[in-house]
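Participant: Below you'll find the structure I mean.
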Amino acid sequence: MSRRGGPTDDIEHALGHSFSNPDLIRQALTHASVVSPDAAGGAQASNERLEFLGDRVLGLVMALLLHDRFPDEDEGDLARRFAFLVRRDALAEVAVRLDLGDHIIVSAGEETAGGLQNPSILADACEAVIAALYIDGGLVVAERFIHDHWSGLVDADPTPPKDAKTALQEWAQARGLALPAYRETSRDGPDHAPRFEVEVSVGEQPPAMGTGTSKRAAEAAAAETLLEKVLRSDA
C-alpha cells in the first residue's frame with residue numbers, strides 16, 4: 001500500500017474547510033486499489049460511494065450556477081456548458097490545482113503505474129471530496145467550494161462550448177479526414193418511446209456507439225464518445 005496522503009490539516013487548508021469528521025476526507029482520498037474487496041465494509045472504505053454522491057452534488061450546484069449566470073441562454077446552450085464543466089477533464093483540472101494527487105492513497109502498484117497522475121483517479125477523488133464536504137458541512141459548504149474552483153472554467157469562454165458533433169467534425173477536418181459517418185444500427189421500443197442506437201466512424205479510429213430517444217440524440221452521444229477517445233489519444 002502507498003500512503004502518500006499528507007496530514008489531514010494540509011488538505012483541509014487547501015479545501016477551505018475543517019472537517020468535524022476527518023474520516024470523511026480520508027475516505028474521499030482512498031482509492032479502491034487499497035481496499036480488499038473481501039473485507040467487511042470494503043465498499044464503504046474506498047471513495048467509490050462518495051464519488052457517486054459527489055457527482056450528483058456537483059451536477060445540482062452547476063445546474064443552478066449556470067441557470068443564474070446565463071439567463072438569456074436556452075436549454076441547449078446551458079446543456080453544452082454543463083457537460084463541459086462536469087466532465088472528467090474539468091474535475092481532474094481542479095484536482096491538479098488542489099494538489100489532490102499528493103494526498104490520494106493508492107496501492108503501490110497503482111502508484112508505480114502512474115495512477116496519481118491518472119485523470120480518472122484524480123477526477124473521481126475530486127467528486128468524492130465534494131461529497132465529503134457536502135456530508136460534513138452541508139450544501140452551502142459544497143456550493144462554496146464548487147463556485148470557488150469552477151468559476152474560472154465557467155467564465156473562460158463567453159460562448160457555449162460546441163456540441164460534440166460539431167467538435168468531432170472540426171477535429172476530422174483539421175486532420176484532412178473525411179467527415180464523420182453516422183449509421184443507425186438499431187431501433188427498438190414503442191413508437192411513443194423509441195430507442196435508437198447509432199455508430200459513428202472517422203478515419204482509422206475504431207467506431208463508437210451511442211444511444212438516445214431520438215436519432216439526433218443517439219448521434220450526439222456517439223460523437224461525444226468518439227470525441228473523448230480521439231482527444232485522449234492526442235494528449
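We label chains A, B, ... in the order they appear in the C-alpha cells, count residues from 1 in each chain, and number ligands from 1 in the order shown.
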Taking 5 positions as the minimum chain separation for residues in the same chain, which residues sit within 8 Å of A:Arg183 when counting only C-alpha atoms? Answer as a VMD selection string.
Facilitator: chain A and resid 198 to 200
Participant: Could you save those same residues with C-alpha atoms as a CSV table (one decimal), in the first residue's frame?
Facilitator:
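File result.csv, as written:
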chain,number,residue,atom,x,y,z
A,198,VAL,CA,-26.1,4.9,-33.8
A,199,GLU,CA,-22.5,4.2,-34.8
A,200,VAL,CA,-20.0,6.9,-35.8
Participant: Write out as a PyMOL selection string which residues come within 10 Å of stretch 116-122 of chain A when counting only C-alpha atoms, dropping same-chain ones fewer than 3 positions away.
Facilitator: chain A and resi 4+29+31-32+88-96+99-106+110-113+125-128
Participant: Atoms to include: N, CA and C atoms. Write the selected residues as a PDB file, in the first residue's frame.
Facilitator:
ATOM      1  N   ARG A   4       0.714   8.110   0.397  1.00  0.00           N
ATOM      2  CA  ARG A   4       1.352   9.392   0.156  1.00  0.00           C
ATOM      3  C   ARG A   4       0.526  10.532   0.729  1.00  0.00           C
ATOM      4  N   LEU A  29     -10.280  10.308  -0.182  1.00  0.00           N
ATOM      5  CA  LEU A  29      -8.970  10.248  -0.821  1.00  0.00           C
ATOM      6  C   LEU A  29      -8.396   8.833  -0.843  1.00  0.00           C
ATOM      7  N   HIS A  31      -8.340   5.393  -2.667  1.00  0.00           N
ATOM      8  CA  HIS A  31      -8.677   4.719  -3.922  1.00  0.00           C
ATOM      9  C   HIS A  31      -9.027   3.259  -3.671  1.00  0.00           C
ATOM     10  N   ALA A  32      -9.870   2.703  -4.516  1.00  0.00           N
ATOM     11  CA  ALA A  32     -10.318   1.317  -4.351  1.00  0.00           C
ATOM     12  C   ALA A  32      -9.174   0.315  -4.423  1.00  0.00           C
ATOM     13  N   ARG A  88     -14.912  14.674 -16.956  1.00  0.00           N
ATOM     14  CA  ARG A  88     -13.739  14.182 -16.225  1.00  0.00           C
ATOM     15  C   ARG A  88     -12.584  15.162 -16.263  1.00  0.00           C
ATOM     16  N   ASP A  89     -12.288  15.751 -17.425  1.00  0.00           N
ATOM     17  CA  ASP A  89     -11.124  16.616 -17.546  1.00  0.00           C
ATOM     18  C   ASP A  89     -11.243  17.865 -16.686  1.00  0.00           C
ATOM     19  N   ALA A  90     -12.460  18.393 -16.536  1.00  0.00           N
ATOM     20  CA  ALA A  90     -12.645  19.567 -15.673  1.00  0.00           C
ATOM     21  C   ALA A  90     -12.387  19.215 -14.217  1.00  0.00           C
ATOM     22  N   LEU A  91     -12.907  18.063 -13.793  1.00  0.00           N
ATOM     23  CA  LEU A  91     -12.667  17.607 -12.423  1.00  0.00           C
ATOM     24  C   LEU A  91     -11.183  17.362 -12.179  1.00  0.00           C
ATOM     25  N   ALA A  92     -10.523  16.734 -13.138  1.00  0.00           N
ATOM     26  CA  ALA A  92      -9.090  16.459 -12.987  1.00  0.00           C
ATOM     27  C   ALA A  92      -8.293  17.758 -12.923  1.00  0.00           C
ATOM     28  N   GLU A  93      -8.701  18.761 -13.691  1.00  0.00           N
ATOM     29  CA  GLU A  93      -8.007  20.052 -13.662  1.00  0.00           C
ATOM     30  C   GLU A  93      -8.109  20.690 -12.287  1.00  0.00           C
ATOM     31  N   VAL A  94      -9.289  20.639 -11.693  1.00  0.00           N
ATOM     32  CA  VAL A  94      -9.462  21.182 -10.341  1.00  0.00           C
ATOM     33  C   VAL A  94      -8.611  20.383  -9.351  1.00  0.00           C
ATOM     34  N   ALA A  95      -8.600  19.072  -9.511  1.00  0.00           N
ATOM     35  CA  ALA A  95      -7.806  18.219  -8.615  1.00  0.00           C
ATOM     36  C   ALA A  95      -6.326  18.561  -8.695  1.00  0.00           C
ATOM     37  N   VAL A  96      -5.828  18.814  -9.882  1.00  0.00           N
ATOM     38  CA  VAL A  96      -4.418  19.170 -10.057  1.00  0.00           C
ATOM     39  C   VAL A  96      -4.118  20.498  -9.369  1.00  0.00           C
ATOM     40  N   ASP A  99      -3.657  19.995  -5.836  1.00  0.00           N
ATOM     41  CA  ASP A  99      -2.624  19.005  -5.481  1.00  0.00           C
ATOM     42  C   ASP A  99      -3.232  17.786  -4.787  1.00  0.00           C
ATOM     43  N   LEU A 100      -4.419  17.371  -5.223  1.00  0.00           N
ATOM     44  CA  LEU A 100      -5.045  16.201  -4.612  1.00  0.00           C
ATOM     45  C   LEU A 100      -4.194  14.950  -4.777  1.00  0.00           C
ATOM     46  N   GLY A 101      -3.439  14.885  -5.879  1.00  0.00           N
ATOM     47  CA  GLY A 101      -2.587  13.728  -6.112  1.00  0.00           C
ATOM     48  C   GLY A 101      -1.576  13.500  -5.006  1.00  0.00           C
ATOM     49  N   ASP A 102      -1.231  14.553  -4.271  1.00  0.00           N
ATOM     50  CA  ASP A 102      -0.291  14.413  -3.150  1.00  0.00           C
ATOM     51  C   ASP A 102      -0.940  13.775  -1.925  1.00  0.00           C
ATOM     52  N   HIS A 103      -2.260  13.658  -1.941  1.00  0.00           N
ATOM     53  CA  HIS A 103      -2.982  13.167  -0.771  1.00  0.00           C
ATOM     54  C   HIS A 103      -3.751  11.874  -1.024  1.00  0.00           C
ATOM     55  N   ILE A 104      -3.955  11.514  -2.291  1.00  0.00           N
ATOM     56  CA  ILE A 104      -4.719  10.305  -2.598  1.00  0.00           C
ATOM     57  C   ILE A 104      -3.924   9.068  -2.179  1.00  0.00           C
ATOM     58  N   ILE A 105      -4.589   8.144  -1.529  1.00  0.00           N
ATOM     59  CA  ILE A 105      -3.971   6.899  -1.090  1.00  0.00           C
ATOM     60  C   ILE A 105      -4.287   5.820  -2.119  1.00  0.00           C
ATOM     61  N   VAL A 106      -3.264   5.291  -2.754  1.00  0.00           N
ATOM     62  CA  VAL A 106      -3.417   4.239  -3.753  1.00  0.00           C
ATOM     63  C   VAL A 106      -2.483   3.086  -3.400  1.00  0.00           C
ATOM     64  N   GLU A 110      -0.552   0.705  -8.198  1.00  0.00           N
ATOM     65  CA  GLU A 110      -1.240   1.793  -8.894  1.00  0.00           C
ATOM     66  C   GLU A 110      -0.345   3.020  -8.964  1.00  0.00           C
ATOM     67  N   GLU A 111       0.395   3.286  -7.899  1.00  0.00           N
ATOM     68  CA  GLU A 111       1.300   4.441  -7.915  1.00  0.00           C
ATOM     69  C   GLU A 111       2.415   4.234  -8.930  1.00  0.00           C
ATOM     70  N   THR A 112       2.979   3.026  -8.977  1.00  0.00           N
ATOM     71  CA  THR A 112       4.040   2.726  -9.937  1.00  0.00           C
ATOM     72  C   THR A 112       3.544   2.898 -11.362  1.00  0.00           C
ATOM     73  N   ALA A 113       2.280   2.570 -11.583  1.00  0.00           N
ATOM     74  CA  ALA A 113       1.691   2.682 -12.931  1.00  0.00           C
ATOM     75  C   ALA A 113       1.299   4.113 -13.272  1.00  0.00           C
ATOM     76  N   ALA A 125     -11.552  11.288  -7.275  1.00  0.00           N
ATOM     77  CA  ALA A 125     -11.243  11.805  -5.943  1.00  0.00           C
ATOM     78  C   ALA A 125     -11.860  13.179  -5.742  1.00  0.00           C
ATOM     79  N   CYS A 126     -11.852  13.989  -6.769  1.00  0.00           N
ATOM     80  CA  CYS A 126     -12.435  15.326  -6.665  1.00  0.00           C
ATOM     81  C   CYS A 126     -13.934  15.233  -6.408  1.00  0.00           C
ATOM     82  N   GLU A 127     -14.614  14.333  -7.113  1.00  0.00           N
ATOM     83  CA  GLU A 127     -16.044  14.131  -6.855  1.00  0.00           C
ATOM     84  C   GLU A 127     -16.275  13.651  -5.425  1.00  0.00           C
ATOM     85  N   ALA A 128     -15.425  12.739  -4.960  1.00  0.00           N
ATOM     86  CA  ALA A 128     -15.571  12.224  -3.601  1.00  0.00           C
ATOM     87  C   ALA A 128     -15.354  13.327  -2.569  1.00  0.00           C
TER      88      ALA A 128
END
Participant: Taking the DSSP secondary structure from the backbone, can you list the residues of chain A that are strand (DSSP E), as a list in words?
Facilitator: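 Result set for chain A (strand (DSSP E)): Ala181, Tyr182, Arg183, Glu184, Thr185, Ser186, Arg187, Asp188, Arg195, Phe196, Glu197, Val198, Glu199, Val200, Ser201, Ala208, Met209, Gly210, Thr211 and Gly212 of chain A.
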Participant: Residues at most 8 Å from stretch 146-152 of chain A, counting only C-alpha atoms, excluding those fewer than 5 positions away in the same chain, as number ranges by chain?
Facilitator: A: 58, 61-62, 85, 94, 130
Participant: If you take only C-alpha atoms and a cut-off of 8 Å, which residues of stretch 5-82 of chain A touch stretch 160-165 of chain A, and what are their nearest atom pairs and distances in Å to one decimal, in chain and number order, as a Markdown table?
Facilitator:
| residue | atom | partner | partner_atom | distance |
| --- | --- | --- | --- | --- |
| A:Asp77 | CA | A:Pro160 | CA | 5.7 |
| A:Leu78 | CA | A:Pro160 | CA | 7.4 |
| A:Arg80 | CA | A:Pro161 | CA | 5.9 |
| A:Arg81 | CA | A:Pro160 | CA | 5.6 |
Participant: For the residues selected in the previous step, produce a file with C-alpha atoms as a compact mmCIF listing (two decimals), in the first residue's frame.
Facilitator:
# COMPACT_ATOMS: atom_id res chain seq x y z
CA ASP A 77 -26.61 26.17 -24.65
CA LEU A 78 -26.83 25.50 -20.92
CA ARG A 80 -23.39 22.12 -23.51
CA ARG A 81 -21.86 24.31 -20.82
Participant: Mind the document's chain letters and residue numbers, and return as number ranges by chain the residues of stretch 2-229 of chain A that DSSP labels helix (DSSP H, G or I).
Facilitator: A: 8-15, 22-28, 32-34, 42-45, 48-69, 75-86, 88-97, 100-102, 108-112, 115-117, 119-137, 139-155, 164-174, 215-229
Participant: With C-alpha atoms kept, could you save the residues just selected as a compact mmCIF listing (two decimals), in the first residue's frame?
Facilitator:
# COMPACT_ATOMS: atom_id res chain seq x y z
CA THR A 8 -5.40 15.97 7.23
CA ASP A 9 -4.94 19.63 8.12
CA ASP A 10 -2.94 20.21 4.93
CA ILE A 11 -5.79 19.11 2.69
CA GLU A 12 -8.34 20.86 4.88
CA HIS A 13 -6.43 24.10 4.36
CA ALA A 14 -6.44 23.56 0.59
CA LEU A 15 -10.18 22.84 0.62
CA PRO A 22 -11.94 13.66 9.46
CA ASP A 23 -12.75 10.10 8.41
CA LEU A 24 -14.83 11.54 5.59
CA ILE A 25 -11.93 13.28 3.87
CA ARG A 26 -9.71 10.23 4.41
CA GLN A 27 -12.29 8.05 2.72
CA ALA A 28 -12.69 10.56 -0.11
CA ALA A 32 -10.32 1.32 -4.35
CA SER A 33 -6.92 -0.23 -5.15
CA VAL A 34 -6.02 -0.25 -1.44
CA GLY A 42 -14.80 -2.59 1.97
CA ALA A 43 -17.11 -0.87 -0.48
CA GLN A 44 -17.63 1.96 2.01
CA ALA A 45 -13.91 2.26 2.83
CA GLU A 48 -16.41 5.00 -4.74
CA ARG A 49 -19.65 5.63 -2.83
CA LEU A 50 -18.65 9.23 -2.14
CA GLU A 51 -17.78 9.64 -5.81
CA PHE A 52 -21.35 8.61 -6.69
CA LEU A 53 -22.79 11.24 -4.37
CA GLY A 54 -20.31 13.95 -5.34
CA ASP A 55 -21.25 13.61 -9.00
CA ARG A 56 -24.87 14.44 -8.11
CA VAL A 57 -23.96 17.33 -5.82
CA LEU A 58 -21.73 18.84 -8.50
CA GLY A 59 -24.50 18.43 -11.06
CA LEU A 60 -27.07 20.21 -8.91
CA VAL A 61 -24.80 23.10 -7.96
CA MET A 62 -23.52 23.53 -11.52
CA ALA A 63 -27.05 23.50 -12.99
CA LEU A 64 -28.12 26.22 -10.52
CA LEU A 65 -24.97 28.24 -11.19
CA LEU A 66 -25.42 28.15 -14.97
CA HIS A 67 -29.16 28.86 -14.74
CA ASP A 68 -28.44 32.04 -12.80
CA ARG A 69 -25.24 33.09 -14.60
CA GLU A 75 -31.61 24.80 -22.67
CA GLY A 76 -29.26 23.55 -25.39
CA ASP A 77 -26.61 26.17 -24.65
CA LEU A 78 -26.83 25.50 -20.92
CA ALA A 79 -26.62 21.75 -21.50
CA ARG A 80 -23.39 22.12 -23.51
CA ARG A 81 -21.86 24.31 -20.82
CA PHE A 82 -22.94 21.83 -18.16
CA ALA A 83 -21.43 18.83 -19.96
CA PHE A 84 -18.16 20.72 -20.41
CA LEU A 85 -17.92 21.73 -16.75
CA VAL A 86 -18.75 18.39 -15.10
CA ARG A 88 -13.74 14.18 -16.23
CA ASP A 89 -11.12 16.62 -17.55
CA ALA A 90 -12.65 19.57 -15.67
CA LEU A 91 -12.67 17.61 -12.42
CA ALA A 92 -9.09 16.46 -12.99
CA GLU A 93 -8.01 20.05 -13.66
CA VAL A 94 -9.46 21.18 -10.34
CA ALA A 95 -7.81 18.22 -8.62
CA VAL A 96 -4.42 19.17 -10.06
CA ARG A 97 -4.78 22.76 -8.89
CA LEU A 100 -5.04 16.20 -4.61
CA GLY A 101 -2.59 13.73 -6.11
CA ASP A 102 -0.29 14.41 -3.15
CA ALA A 108 1.94 0.62 -4.57
CA GLY A 109 1.17 -0.98 -7.93
CA GLU A 110 -1.24 1.79 -8.89
CA GLU A 111 1.30 4.44 -7.91
CA THR A 112 4.04 2.73 -9.94
CA GLY A 115 -2.14 6.34 -11.01
CA LEU A 116 -1.63 9.57 -9.10
CA GLN A 117 -1.43 11.40 -12.41
CA PRO A 119 -7.10 11.92 -14.84
CA SER A 120 -9.79 9.37 -13.97
CA ILE A 121 -8.41 8.76 -10.46
CA LEU A 122 -7.97 12.50 -9.90
CA ALA A 123 -11.49 13.24 -11.16
CA ASP A 124 -13.03 10.51 -9.03
CA ALA A 125 -11.24 11.81 -5.94
CA CYS A 126 -12.43 15.33 -6.67
CA GLU A 127 -16.04 14.13 -6.85
CA ALA A 128 -15.57 12.22 -3.60
CA VAL A 129 -14.17 15.35 -1.93
CA ILE A 130 -17.27 17.28 -2.99
CA ALA A 131 -19.43 14.61 -1.36
CA ALA A 132 -17.33 14.70 1.82
CA LEU A 133 -17.75 18.47 2.01
CA TYR A 134 -21.49 18.12 1.47
CA ILE A 135 -21.94 15.47 4.17
CA ASP A 136 -19.74 17.26 6.70
CA GLY A 137 -20.74 20.86 6.07
CA LEU A 139 -24.83 22.20 0.66
CA VAL A 140 -23.55 25.68 1.50
CA VAL A 141 -20.01 24.37 2.04
CA ALA A 142 -20.05 22.19 -1.08
CA GLU A 143 -21.53 25.03 -3.12
CA ARG A 144 -18.85 27.47 -1.96
CA PHE A 145 -16.11 25.00 -2.91
CA ILE A 146 -17.58 24.44 -6.38
CA HIS A 147 -18.09 28.15 -7.02
CA ASP A 148 -14.54 28.93 -5.89
CA HIS A 149 -12.85 26.28 -8.01
CA TRP A 150 -15.05 26.24 -11.12
CA SER A 151 -15.53 29.99 -11.57
CA GLY A 152 -12.53 30.27 -13.88
CA LEU A 153 -13.81 27.43 -16.04
CA VAL A 154 -17.31 28.92 -16.14
CA ASP A 155 -16.02 32.32 -17.24
CA ALA A 164 -19.94 17.09 -29.81
CA LYS A 165 -20.92 16.55 -33.46
CA THR A 166 -19.52 19.93 -34.49
CA ALA A 167 -16.35 19.45 -32.44
CA LEU A 168 -15.77 15.97 -33.93
CA GLN A 169 -16.29 17.32 -37.44
CA GLU A 170 -13.77 20.10 -36.85
CA TRP A 171 -11.30 17.56 -35.40
CA ALA A 172 -11.58 15.47 -38.57
CA GLN A 173 -11.30 18.47 -40.93
CA ALA A 174 -8.20 19.74 -39.11
CA LYS A 215 -31.69 9.58 -33.82
CA ARG A 216 -30.21 13.02 -33.26
CA ALA A 217 -29.61 12.31 -29.56
CA ALA A 218 -28.01 8.96 -30.37
CA GLU A 219 -25.70 10.63 -32.92
CA ALA A 220 -24.69 13.24 -30.35
CA ALA A 221 -23.95 10.53 -27.77
CA ALA A 222 -21.86 8.57 -30.27
CA ALA A 223 -19.96 11.70 -31.30
CA GLU A 224 -19.22 12.57 -27.67
CA THR A 225 -17.85 9.09 -27.00
CA LEU A 226 -15.61 9.11 -30.08
CA LEU A 227 -14.50 12.70 -29.49
CA GLU A 228 -13.40 11.84 -25.96
CA LYS A 229 -11.37 8.90 -27.30
Participant: Using only C-alpha atoms for the distances, tell me which of A:Asp188, A:Asp72, A:Glu197, A:Asp157 is nearest to A:Met209.
Facilitator: A:Glu197
Participant: Have a look at A:Thr30, A:Ser233, A:Thr185, A:Ser107 and name the one nearest to A:Thr211; count only C-alpha atoms.
Facilitator: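 Looking at the shortest contact to A:Thr211, the residue is A:Thr185.
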Participant: Can you work out the spacing between atom CA of A:Thr213 and atom CA of A:Arg195 in Å, to one decimal?
Facilitator: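 Result for atom CA of A:Thr213 versus atom CA of A:Arg195: 4.8 Å, one decimal.
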Participant: Atom CA of A:Gly16 to atom CA of A:Leu98: how many Å, to one decimal?
Facilitator: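 According to the coordinates, atom CA of A:Gly16 and atom CA of A:Leu98 are separated by 10.8 Å.
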